[in-house]
Amino acid sequence: MYRTHTCGELRLADAGRTVTLAGWVQRIRKMGGMSFIDVRDRYGITQAVTDDPEMNAEVAKLGREFVIQVIGTVRERESKNPKMDTGDIEIRIEKLNVINPSVTPPFTIEDVSDGGDDLRMKYRYLDLRRNPLKNNLILRHRMAQEVRRYLDAHDFLEIETPFLIRSTPEGARDFVVPSRMNPGEFYALPQSPQQQKQLLMVAGFDRYFQIVKCFRDEDLRADRQPEFTQIDCEMSFVERDDVLDMFEGLMKHMFEVILNEKFEEPFLRMSWNDAMKFYGSDKPDMRFGMLLRDVTDLLKGKGFGVFDSSEYVGGICVPGCAGYSRKQLDELTDWVKRPQVGAKGLIYIKVEEDGNIKSSIDKYFSPEILREVAGRFEADKGDLILMMSGIRAKTLVSLGTLRIEMGNRLNLRDPHKYCPLWVVDFPLLEWDDETQRFYATHHPFTAPSQKDMEKFFSNDKEQEAEVSSDSYDFVLNGTEVGGGSIRIHDARIQEQMFKVLGFSREDADYRFGFLINAFKYGAPPHGGIAFGFDRFCALFGGQDTIRDFIAFPKNNMGRDTMDDAPAKIDDVQMKELYLKSTYEK
RNA sequence: GGUGCGGUAGUUCAGUUUGGUUAGAAUGCGUGCCUGUCACGCACGAGGUCACGGGUCCGAGCCCCGUCCGCACCGCCA
C-alpha cells in the first residue's frame with residue numbers, strides 16, 4: 001500500500017497513529033541536527049520531521065519534486081503553524097522511501113511561481129501542481145457537475161453528437177479532417193452542434209444538453225481558444241421567455257451553489273438597441289454606471305464644424321476626474337485615437353469643484369450650453385465629461401470602449417462582484433459591404449421577431465436591415481457567456497431567410513439540405529442556448545483569461561507548446577490521405 | 001493581415017535614455033555550518049551564444065534593418 005492517508009487530512013485527533021503518506025517534496029528545511037520535509041499531494045501539505053542523524057543523511061539526498069513515501073507517527077507539533085490545515089501536527093519519520101526522483105524543475109512550484117507564462121505552458125504538468133491552477137480545475141469540475149445536476153433535474157437528456165461532420169461554410173473557419181476512405185473529401189469539426197441539436201428536437205428529444213468541445217479555426221485571444229467547451233442546450237415547445245426562465249434558473253443555481261450568491265430578483269433584460277445606446281456594447285458591463293448620453297441635439301448645428309458634420313455627438317461622465325491634468329487628457333486622447341479604439345479625438349468638459357465649467361470647446365459654445373450638456377450627463381461637481389462625435393454606430397462603440405477603460409482605471413470592475421444581464425432582440429441580419437449581402441447575425445436558423453414579420457417579407461433591403469430576431473445573449477460583467485435563439489421551424493420563413501441571405505435553393509440544399517429535409521417531417525417549435533463553459537469558469541474564478549481553466553490550452557498561435565502540435569506528418573500519411581503537399585507560406 | 005509591448009544566468013528582472021575595461025540583483029542550484037523551521041538563517045561557490053541574421057562604428061547587450069518567438073489588442077470569431 002502506497003499510502004494510508006492523504007497529505008491534507010491529518011489533524012491533532014490523529015496524534016499517535018502510525019501512518020504512511022506519499023507525495024511530492026515541496027521543500028526541505030535542514031536545521032543542523034533536524035530536518036523538515038513538506039510533503040505535497042493534491043489534498044494538501046503535511047510536514048515530516050526527523051532528528052535522527054542517519055535519517056538526516058537520507059533527507060539530504062532528496063530534492064524538490066521527488067516522489068517519496070513517508071512512514072511514521074503523527075504527533076503534535078512543538079511550534080504550530082496556523083496557516084496550514086495540517087499545521088498542528090507533523091509526522092516523525094520512521095522510514096523514508098524514494099519512489100521516484102526528479103530533476104530540478106525549471107520554475108518554483110508555489111502559489112506565486114517565479115516562472116513566466118511561456119515556460120509554465122511548456123511544463124504544464126508541473127504548473128498544474130500549483131494550487132491556483134489545481135483549484136481552477138477543481139472549480140471547473142464542480143461547475144460541470146452542478147450543470148448536469150440542474151439540467152438532469154429538469155428532464156434534460158445529455159446526448160453526444162458527432163465530431164466528424166459536414167463543413168458548413170457560414171460563420172467561423174472550420175477545422176478540417178481528411179477522409180482516407182473517401183479520397184479528396186473532408187470532415188469538419190463542429191463549431192457547435194447546432195444542426196445536430198435541432199435534429200434531436202425533430203427526433204422528439206424535447207430537452208437536450210451536452211457539455212461538449214467545439215472547434216473554430218480563428219485567431220486566439222485571452223478568452224478564445226481554438227477548441228473550447230460549450231454547455232449546449234436545446235428545448236422544444238418553447239418561446240423565448242421559456243428558454244430565458246429555464247437558464248436563468250440554471251445561472252441562479254450556479255451562483256448559489258458555487259459562489260454562495262443569491263439573486264432574488266429576475267436578471268435585467270435589455271434590448272440590443274438600448275445596450276448599444278447606453279453602453280456602446282452588445283455585452284454591457286453592469287457593475288458600474290457611466291452611461292453613454294446622446295447630446296447631438298444640444299451641440300450639433302451650433303457652428304462647431306466637427307459636430308455639425310457628425311451624425312452623433314455623445315459621451316460619458318467620469319465621476320471625480322475633473323482634476324485630470326492636460327497631460328492625462330492628452331494621454332487619454334492618444335489612447336482613443338489608437339486603431340483599436342478608432343476615435344478621431346476626445347473632447348472634455350470639466351465640472352470643477354467650485355462649479356465652474358472648463359472645456360476644450362468653450363471657445364465654440366456658451367457656458368449655458370455646456371452647463372445644459374453637463375445637466376444631461378447629471379454631472380456632479382468634480383466630474384469629467386468625455387465626448388466623441390462621428391458616425392453613430394462607430395462612435396457608440398468607441399465610447400463603450402472608453403467607458404470600460406475608465407471603469408478599469410477607477411477600479412469599478414471588481415472581479416468578485418457579479419452583474420448578470422440578458423441582452424435580447426439582436427438584429428437578425430448584418431450587411432457586409434465587401435460581399436454586398438446580408439449575413440445572419442446569429443445563424444441562418446434564427447427566427448425573426450414576430451413583430452417584424454412584415455418587414456422580413458418585404459423584400460426591401462432597408463426594411464430587412466431593421467428586422468430584429470428572437471435571440472438573446474447572457475452577459476456577465478461585460479463578457480458574453482451564453483447566446484442562443486428561437487429557431488425557425490416554419491418552412492416558409494426558412495425559405496425567405498435563405499432568399500434574404502442570397503442563397504439559391506441549390507445553395508441552401510447543398511449546405512443545409514439534411515436539416516431542411518428533416519424539417520419537412522414535423523419539426524416542433526424549438527430554441528436553445530449555448531454557454532461558453534471556459535469563460536463561465538474563468539468568471540466564477542474571478543479571472544479574465546480562460547487558459548488557466550483549461551488543463552492543456554493552446555498559445556496565441558494555436559500551438560501546444562508541450563507536444564509542439566501542430567506538426568508535419570510523414571509522406572506515408574500524406575499519401576494515404578491523398579494530400580499532395582503543403583503550400584509554403 | 002494589422003497595432004503595441006517584450007526576448008539579458010535554471011527562473012524573474014535591472015542594465016538600452018548618453019555605445020567604452022571584467023554584464024548585475026533576487027530567487028533557484030551546489031557545498032559547509034545551524035535541534036523547531038514553515039518565505040528558516042549565515043557563509044562560500046558554480047552558473048551568460050545578452051533570441052537569431054545582417055548593418056553602422058575604432059568599439060554594439062545598448063543604435064539601424066530584417067527574421068523568429070511570446071503576450072495583449074484590432075480585424076476575424078454565423
# chains A, B, ... in the order shown; residues from 1 in each chain; ligands from 1
$ closest_atom_pairs --of "chain B" --to "chain A" --cutoff "10 Å" --atoms "only C-alpha atoms (C1' of nucleotides)" --output "tab-separated table"
residue	atom	partner	partner_atom	distance
B:G2	C1'	A:Pro339	CA	9.2
B:U3	C1'	A:Pro339	CA	7.0
B:G4	C1'	A:Arg338	CA	9.6
B:G10	C1'	A:Pro106	CA	5.9
B:U11	C1'	A:Phe107	CA	5.8
B:U12	C1'	A:Asp114	CA	5.7
B:U27	C1'	A:Asp114	CA	7.9
B:G28	C1'	A:Thr108	CA	7.8
B:C29	C1'	A:Thr104	CA	8.2
B:C33	C1'	A:Gly32	CA	7.7
B:C34	C1'	A:Gly32	CA	4.8
B:U35	C1'	A:Gly33	CA	5.1
B:G36	C1'	A:Ser79	CA	6.2
B:U37	C1'	A:Arg29	CA	6.6
B:C38	C1'	A:Asn81	CA	7.2
B:C40	C1'	A:Arg29	CA	7.2
B:G41	C1'	A:Met31	CA	9.3
B:G70	C1'	A:Asp118	CA	6.7
B:C71	C1'	A:Asn556	CA	8.0
B:A72	C1'	A:Ala222	CA	8.0
B:C73	C1'	A:Gln340	CA	6.9
B:C74	C1'	A:Gln340	CA	4.8
B:G75	C1'	A:Gln340	CA	9.5
B:C76	C1'	A:Glu218	CA	6.6
B:C77	C1'	A:Glu218	CA	6.1
B:A78	C1'	A:Gly171	CA	3.8
$ select_by_dssp --residues "region 305-506 of chain A" --states "strand (DSSP E)" --output "PyMOL selection string"
chain A and resi 312-318+347-351+357-359+384-390+420-424+429-432+437-440+471-476+479-486
$ residues_around --residues "Lys394 (chain A)" --least-positions-apart "4" --cutoff "9 Å" --atoms "only C-alpha atoms (C1' of nucleotides)" --output "VMD selection string"
chain A and resid 280 342 to 343 390 398 to 399
$ select_by_dssp --residues "region 35-211 of chain A" --states "helix (DSSP H, G or I)" --output "JSON, numbers by chain"
{"A": [53, 54, 55, 56, 57, 58, 59, 60, 117, 118, 119, 120, 121, 122, 124, 125, 126, 127, 131, 132, 133, 134, 135, 136, 137, 138, 139, 140, 141, 142, 143, 144, 145, 146, 147, 148, 149, 150, 151, 152, 153, 194, 195, 196, 197, 198, 199, 200, 201, 202]}
$ closest_residue --among "A:Ile546, A:Ala538, A:Glu466, A:Leu410" --to "Leu139 (chain A)" --atoms "only C-alpha atoms"
A:Ala538
$ atom_distance --atom1 "CA of Lys455 (chain A)" --atom2 "CA of Val467 (chain A)"
6.5 Å
$ atom_distance --atom1 "CA of Arg413 (chain A)" --atom2 "CA of Ala275 (chain A)"
17.9 Å
